[in-house]
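Enquirer: Got start-v4.cif for you, mmCIF, C-alpha atoms:
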```
data_start
loop_
_atom_site.label_atom_id
_atom_site.label_comp_id
_atom_site.auth_asym_id
_atom_site.auth_seq_id
_atom_site.Cartn_x
_atom_site.Cartn_y
_atom_site.Cartn_z
CA MET A 17 65.62 97.38 69.59
CA ILE A 18 66.43 93.65 69.87
CA PRO A 19 66.71 91.91 66.49
CA SER A 20 64.40 88.96 66.05
CA VAL A 21 65.90 85.53 65.61
CA SER A 22 64.26 83.15 63.19
CA ARG A 23 63.54 79.57 64.11
CA ASP A 24 65.94 78.24 61.46
CA SER A 25 68.80 80.40 62.67
CA ALA A 26 68.13 79.34 66.25
CA MET A 27 68.35 75.70 65.25
CA GLN A 28 71.72 76.40 63.62
CA SER A 29 73.11 78.01 66.76
CA PRO A 30 76.51 76.55 67.78
CA THR A 31 75.20 75.94 71.28
CA SER A 32 72.36 73.69 70.12
CA SER A 33 72.92 70.00 69.52
CA PRO A 34 72.65 69.09 65.83
CA PRO A 35 69.70 66.69 65.47
CA PHE A 36 71.53 64.49 62.94
CA LYS A 37 73.99 63.42 65.63
CA ARG A 38 71.22 62.04 67.82
CA ILE A 39 69.82 60.09 64.87
CA ALA A 40 73.28 58.78 63.92
CA PHE A 41 74.12 57.43 67.37
CA ALA A 42 70.77 55.68 67.72
CA LYS A 43 71.12 54.28 64.21
CA TYR A 44 74.59 52.90 64.91
CA LEU A 45 73.38 51.43 68.19
CA ARG A 46 70.55 49.56 66.45
CA SER A 47 72.92 48.27 63.78
CA LEU A 48 75.37 47.07 66.42
CA HIS A 49 72.51 45.32 68.23
CA TRP A 50 71.98 43.03 65.24
CA TRP A 51 75.68 42.44 64.65
CA MET A 52 76.07 41.36 68.26
CA ALA A 53 73.03 39.12 67.95
CA ILE A 54 74.75 37.32 65.05
CA VAL A 55 78.02 37.04 66.99
CA PHE A 56 76.34 35.59 70.08
CA LEU A 57 74.36 33.20 67.90
CA MET A 58 77.68 31.92 66.54
CA VAL A 59 79.07 31.63 70.08
CA TYR A 60 76.13 29.50 71.21
CA LEU A 61 75.88 27.34 68.10
CA VAL A 62 79.59 26.56 68.04
CA GLY A 63 79.57 25.97 71.79
CA ILE A 64 76.71 23.49 71.55
CA VAL A 65 78.36 21.51 68.75
CA MET A 66 81.76 21.66 70.45
CA ALA A 67 80.42 20.35 73.75
CA ARG A 68 79.04 17.22 72.04
CA LEU A 69 82.29 16.22 70.37
CA PRO A 70 84.81 13.90 72.05
CA GLY A 71 87.84 15.62 73.54
CA GLY A 72 91.12 15.70 71.65
CA THR A 73 89.64 15.57 68.14
CA PRO A 74 90.92 18.12 65.58
CA LEU A 75 87.37 19.34 64.84
CA ARG A 76 86.72 20.05 68.51
CA SER A 77 90.03 21.93 68.82
CA ASN A 78 89.18 24.08 65.81
CA LEU A 79 85.69 24.80 67.14
CA ILE A 80 87.16 25.84 70.49
CA VAL A 81 89.30 28.42 68.70
CA ILE A 82 86.27 29.70 66.77
CA HIS A 83 84.15 29.77 69.94
CA LYS A 84 86.77 31.79 71.83
CA SER A 85 87.36 34.12 68.89
CA PHE A 86 83.70 35.08 68.59
CA ALA A 87 83.52 35.49 72.37
CA VAL A 88 86.41 37.97 72.30
CA LEU A 89 84.77 39.74 69.36
CA SER A 90 81.58 40.09 71.40
CA LEU A 91 83.59 41.80 74.17
CA GLY A 92 85.00 44.33 71.73
CA LEU A 93 81.60 45.04 70.22
CA LEU A 94 80.13 45.36 73.71
CA CYS A 95 82.65 48.09 74.59
CA VAL A 96 81.68 50.01 71.44
CA ARG A 97 78.01 49.46 72.21
CA ILE A 98 78.34 50.85 75.74
CA ILE A 99 80.07 53.98 74.39
CA LEU A 100 77.27 54.50 71.85
CA LEU A 101 74.63 53.86 74.51
CA LEU A 102 76.14 56.48 76.81
CA GLN A 103 76.08 58.97 73.92
CA VAL A 104 72.43 58.23 73.21
CA VAL A 105 71.48 58.49 76.90
CA TRP A 106 73.36 61.78 77.25
CA GLN A 107 71.70 63.33 74.20
CA ARG A 108 68.28 62.11 75.28
CA TYR A 109 68.39 63.08 78.97
CA SER A 110 70.98 65.85 79.28
CA ARG A 111 68.32 68.55 79.00
CA ARG A 112 65.31 66.73 80.36
CA LEU A 113 65.34 63.93 82.89
CA PRO A 114 63.30 60.81 82.11
CA ARG A 115 59.83 60.38 83.53
CA VAL A 116 60.46 57.72 86.15
CA SER A 117 57.74 55.09 86.28
CA GLU A 118 57.42 51.42 87.14
CA VAL A 119 57.55 50.47 83.46
CA TRP A 120 60.65 52.62 82.90
CA LEU A 121 62.41 51.15 85.93
CA ARG A 122 61.63 47.58 84.82
CA SER A 123 63.01 48.33 81.37
CA VAL A 124 66.20 49.86 82.75
CA MET A 125 66.77 46.98 85.16
CA PHE A 126 66.13 44.36 82.49
CA HIS A 127 68.50 45.97 79.99
CA ALA A 128 71.11 46.38 82.73
CA ALA A 129 70.85 42.64 83.39
CA LEU A 130 71.29 41.98 79.65
CA TYR A 131 74.45 44.08 79.52
CA VAL A 132 75.87 42.43 82.65
CA SER A 133 75.18 39.02 81.11
CA MET A 134 76.80 40.03 77.82
CA LEU A 135 79.90 40.84 79.85
CA ALA A 136 79.70 37.85 82.20
CA VAL A 137 79.51 35.15 79.52
CA PRO A 138 82.82 35.88 77.72
CA ILE A 139 84.65 36.94 80.89
CA SER A 140 83.65 33.72 82.67
CA GLY A 141 84.81 31.81 79.59
CA ILE A 142 88.21 33.52 79.75
CA PHE A 143 88.34 32.77 83.47
CA TYR A 144 87.60 29.12 82.75
CA SER A 145 90.31 28.90 80.09
CA ASN A 146 93.02 30.74 82.02
CA THR A 147 92.54 28.92 85.31
CA ASN A 148 92.82 25.64 83.37
CA ASP A 149 96.11 26.75 81.76
CA ARG A 150 94.57 27.42 78.35
CA ASP A 151 95.08 30.48 76.20
CA THR A 152 92.44 32.87 74.94
CA VAL A 153 92.68 33.01 71.16
CA PHE A 154 91.27 35.61 68.79
CA PHE A 155 91.31 34.14 65.26
CA GLY A 156 94.82 32.77 65.66
CA ILE A 157 96.18 35.55 67.90
CA VAL A 158 97.03 34.44 71.44
CA LEU A 159 95.90 37.13 73.89
CA PRO A 160 97.51 37.93 77.27
CA ARG A 161 96.04 36.00 80.18
CA LEU A 162 93.75 37.82 82.58
CA PHE A 163 93.74 35.14 85.30
CA ARG A 164 96.39 32.91 86.84
CA VAL A 165 96.45 29.15 86.43
CA ASN A 166 94.54 27.54 89.30
CA GLU A 167 93.35 24.03 88.57
CA SER A 168 91.55 23.87 91.93
CA LEU A 169 89.08 26.39 90.45
CA SER A 170 88.48 24.26 87.37
CA GLU A 171 85.04 22.99 88.38
CA LEU A 172 83.94 26.35 89.79
CA SER A 173 85.03 28.29 86.69
CA HIS A 174 83.24 25.81 84.44
CA ARG A 175 80.02 26.12 86.44
CA LEU A 176 80.24 29.93 86.37
CA HIS A 177 80.63 29.95 82.60
CA ILE A 178 77.77 27.50 81.98
CA GLY A 179 75.55 29.29 84.49
CA ALA A 180 76.22 32.71 82.94
CA ALA A 181 75.50 31.29 79.48
CA TYR A 182 72.13 29.85 80.56
CA ILE A 183 71.13 33.04 82.39
CA PHE A 184 71.95 35.12 79.33
CA LEU A 185 70.02 32.73 77.09
CA GLY A 186 67.00 33.03 79.37
CA LEU A 187 67.19 36.84 79.23
CA ILE A 188 67.41 36.70 75.44
CA LEU A 189 64.25 34.58 75.29
CA LEU A 190 62.46 37.04 77.59
CA HIS A 191 63.64 39.89 75.37
CA ILE A 192 62.27 38.13 72.27
CA LEU A 193 58.94 37.53 74.00
CA ASP A 194 58.78 41.19 75.02
CA GLN A 195 59.46 42.21 71.42
CA ARG A 196 57.25 39.51 69.89
CA LYS A 197 55.23 42.02 67.85
CA PHE A 198 58.40 43.25 66.18
CA VAL A 199 59.60 39.67 65.66
CA GLN A 200 56.28 38.69 64.07
CA SER A 201 56.35 41.76 61.81
CA PHE A 202 59.96 41.02 60.81
CA TRP A 203 59.09 37.38 60.07
CA ARG A 204 56.11 38.39 57.90
CA ARG A 205 58.32 40.78 55.91
CA PHE A 206 60.98 38.09 55.55
CA LYS A 207 58.44 35.53 54.29
CA GLY A 208 56.98 38.09 51.90
CA THR A 209 60.41 38.89 50.47
CA LYS A 210 61.20 35.18 50.14
CA THR A 211 57.92 34.54 48.33
CA LYS A 212 58.55 37.40 45.89
CA ASN A 213 62.05 36.13 45.11
CA SER A 214 60.86 32.54 44.53
CA SER A 215 58.08 33.68 42.18
CA ARG A 216 60.54 35.44 39.86
#
```
What does this structure look like when you write it as structure tokens?
Expert:
Amino acid sequence: MIPSVSRDSAMQSPTSSPPFKRIAFAKYLRSLHWWMAIVFLMVYLVGIVMARLPGGTPLRSNLIVIHKSFAVLSLGLLCVRIILLLQVVWQRYSRRLPRVSEVWLRSVMFHAALYVSMLAVPISGIFYSNTNDRDTVFFGIVLPRLFRVNESLSELSHRLHIGAAYIFLGLILLHILDQRKFVQSFWRRFKGTKTKNSSR
């Protein structure tokens, strides 16, 4: 006679994936999404201010260091984000393949473009700095150079960096438009919280 196995004991089997791990990875991935949004916002804001200052001023030099530092930070966070994403994808699709549809394919392609852009913007910035004989700095720490000095590539490297930045910005705007319902809901909650705090 084969002993019956309860549902609870089956869920606790060592071969089954604990559900809390799936929740944890997705939770960390969402949290990292917002941290990276803040970091890239700093990269863009500092870059815009920096580009409008005359060359050689102390303020511009300091902003360049801050701009590069946040760019390097975004690369590190992106590496962690990719690792978490692979974990989430594996847990979600290791037992059952996704239902491939036109909507699913568009979503995958769009997010792939976002990730490529997140990589292209800081890498092109490092390429621009190194080829122009400038160091990449991470909050005061000078990092090893990835590219050789080549002043003949100065204009090309600058165009690549600016182009990658604009492409990424365009993808961010499309992403916000696609998630406009969430953005509107978040804004309503934010205004409601602000109103409650001001009325106290």
Enquirer: Between A:Asn146, A:Ser133, A:Ser168, A:Ser77, which has the minimum distance to Leu91 (chain A) (counting all atoms listed in the file)?
Expert: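 Nearest to Leu91 (chain A): A:Ser133.
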Enquirer: Region 171-187 of chain A: which residues within 10 Å, counting all atoms listed in the file, same-chain residues fewer than 5 positions away excluded, as number ranges by chain?
Expert: A: 56, 60, 126-127, 129-148, 166, 192-193
Enquirer: Give the answer as one residue: which of A:Thr73, A:Ser201, A:Ser117, A:Gln103 has the shortest atom-to-atom distance to Ala40 (chain A), using only C-alpha atoms?
Expert: A:Gln103
Enquirer: When you count only C-alpha atoms, which of these residues is closest to Ala128 (chain A): A:Arg108, A:Thr152, A:Ile98, A:Val116?
Expert: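 Nearest candidate to Ala128 (chain A) out of A:Arg108, A:Thr152, A:Ile98, A:Val116: A:Ile98.
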Enquirer: Show me, as a list in words, the residues that have an atom within 10 Å of Phe86 (chain A) when counting all atoms listed in the file, minus same-chain residues fewer than 3 positions from it.
Expert: Met52, Ile54, Val55, Phe56, Leu57, Met58, Val59, Tyr60, Val62, Val81, Ile82, His83, Leu89, Ser90, Leu91, Gly92, Pro138, Val153, Phe154 and Phe155 of chain A
Enquirer: Store the residues of this selection in a file with C-alpha atoms, as a PDB file, in the coordinates of the input.
Expert:
```pdb
ATOM      1  CA  MET A  52      76.070  41.360  68.260  1.00  0.00           C
ATOM      2  CA  ILE A  54      74.750  37.320  65.050  1.00  0.00           C
ATOM      3  CA  VAL A  55      78.020  37.040  66.990  1.00  0.00           C
ATOM      4  CA  PHE A  56      76.340  35.590  70.080  1.00  0.00           C
ATOM      5  CA  LEU A  57      74.360  33.200  67.900  1.00  0.00           C
ATOM      6  CA  MET A  58      77.680  31.920  66.540  1.00  0.00           C
ATOM      7  CA  VAL A  59      79.070  31.630  70.080  1.00  0.00           C
ATOM      8  CA  TYR A  60      76.130  29.500  71.210  1.00  0.00           C
ATOM      9  CA  VAL A  62      79.590  26.560  68.040  1.00  0.00           C
ATOM     10  CA  VAL A  81      89.300  28.420  68.700  1.00  0.00           C
ATOM     11  CA  ILE A  82      86.270  29.700  66.770  1.00  0.00           C
ATOM     12  CA  HIS A  83      84.150  29.770  69.940  1.00  0.00           C
ATOM     13  CA  LEU A  89      84.770  39.740  69.360  1.00  0.00           C
ATOM     14  CA  SER A  90      81.580  40.090  71.400  1.00  0.00           C
ATOM     15  CA  LEU A  91      83.590  41.800  74.170  1.00  0.00           C
ATOM     16  CA  GLY A  92      85.000  44.330  71.730  1.00  0.00           C
ATOM     17  CA  PRO A 138      82.820  35.880  77.720  1.00  0.00           C
ATOM     18  CA  VAL A 153      92.680  33.010  71.160  1.00  0.00           C
ATOM     19  CA  PHE A 154      91.270  35.610  68.790  1.00  0.00           C
ATOM     20  CA  PHE A 155      91.310  34.140  65.260  1.00  0.00           C
TER      21      PHE A 155
END
```
Enquirer: In Å, with one decimal, what is the gap from CA of Leu45 (chain A) to CA of Leu101 (chain A)?
Expert: 6.9 Å
Enquirer: CA of Ile64 (chain A) to CA of Ser85 (chain A): how many Å, to one decimal?
Expert: 15.3 Å
Enquirer: Which distance in Å separates CA of Val124 (chain A) and CA of Leu100 (chain A), to one decimal?
Expert: 16.2 Å
Enquirer: Around all listed atoms of region 41-44 of chain A, padded 6 Å per side, what centre and edge lengths does the axis-aligned box have in Å to one decimal, as lines of an AutoDock Vina configuration file?
Expert:
```
center_x = 72.7
center_y = 55.2
center_z = 66.0
size_x = 15.8
size_y = 16.5
size_z = 15.5
```
Enquirer: For a quick check of understanding, using all atoms listed in the file, which of A:Leu48, A:Val158, A:Val119, A:Met125 has the smallest distance to Lys84 (chain A)?
Expert: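 Counting all atoms listed in the file, the residue closest to Lys84 (chain A) is A:Val158.
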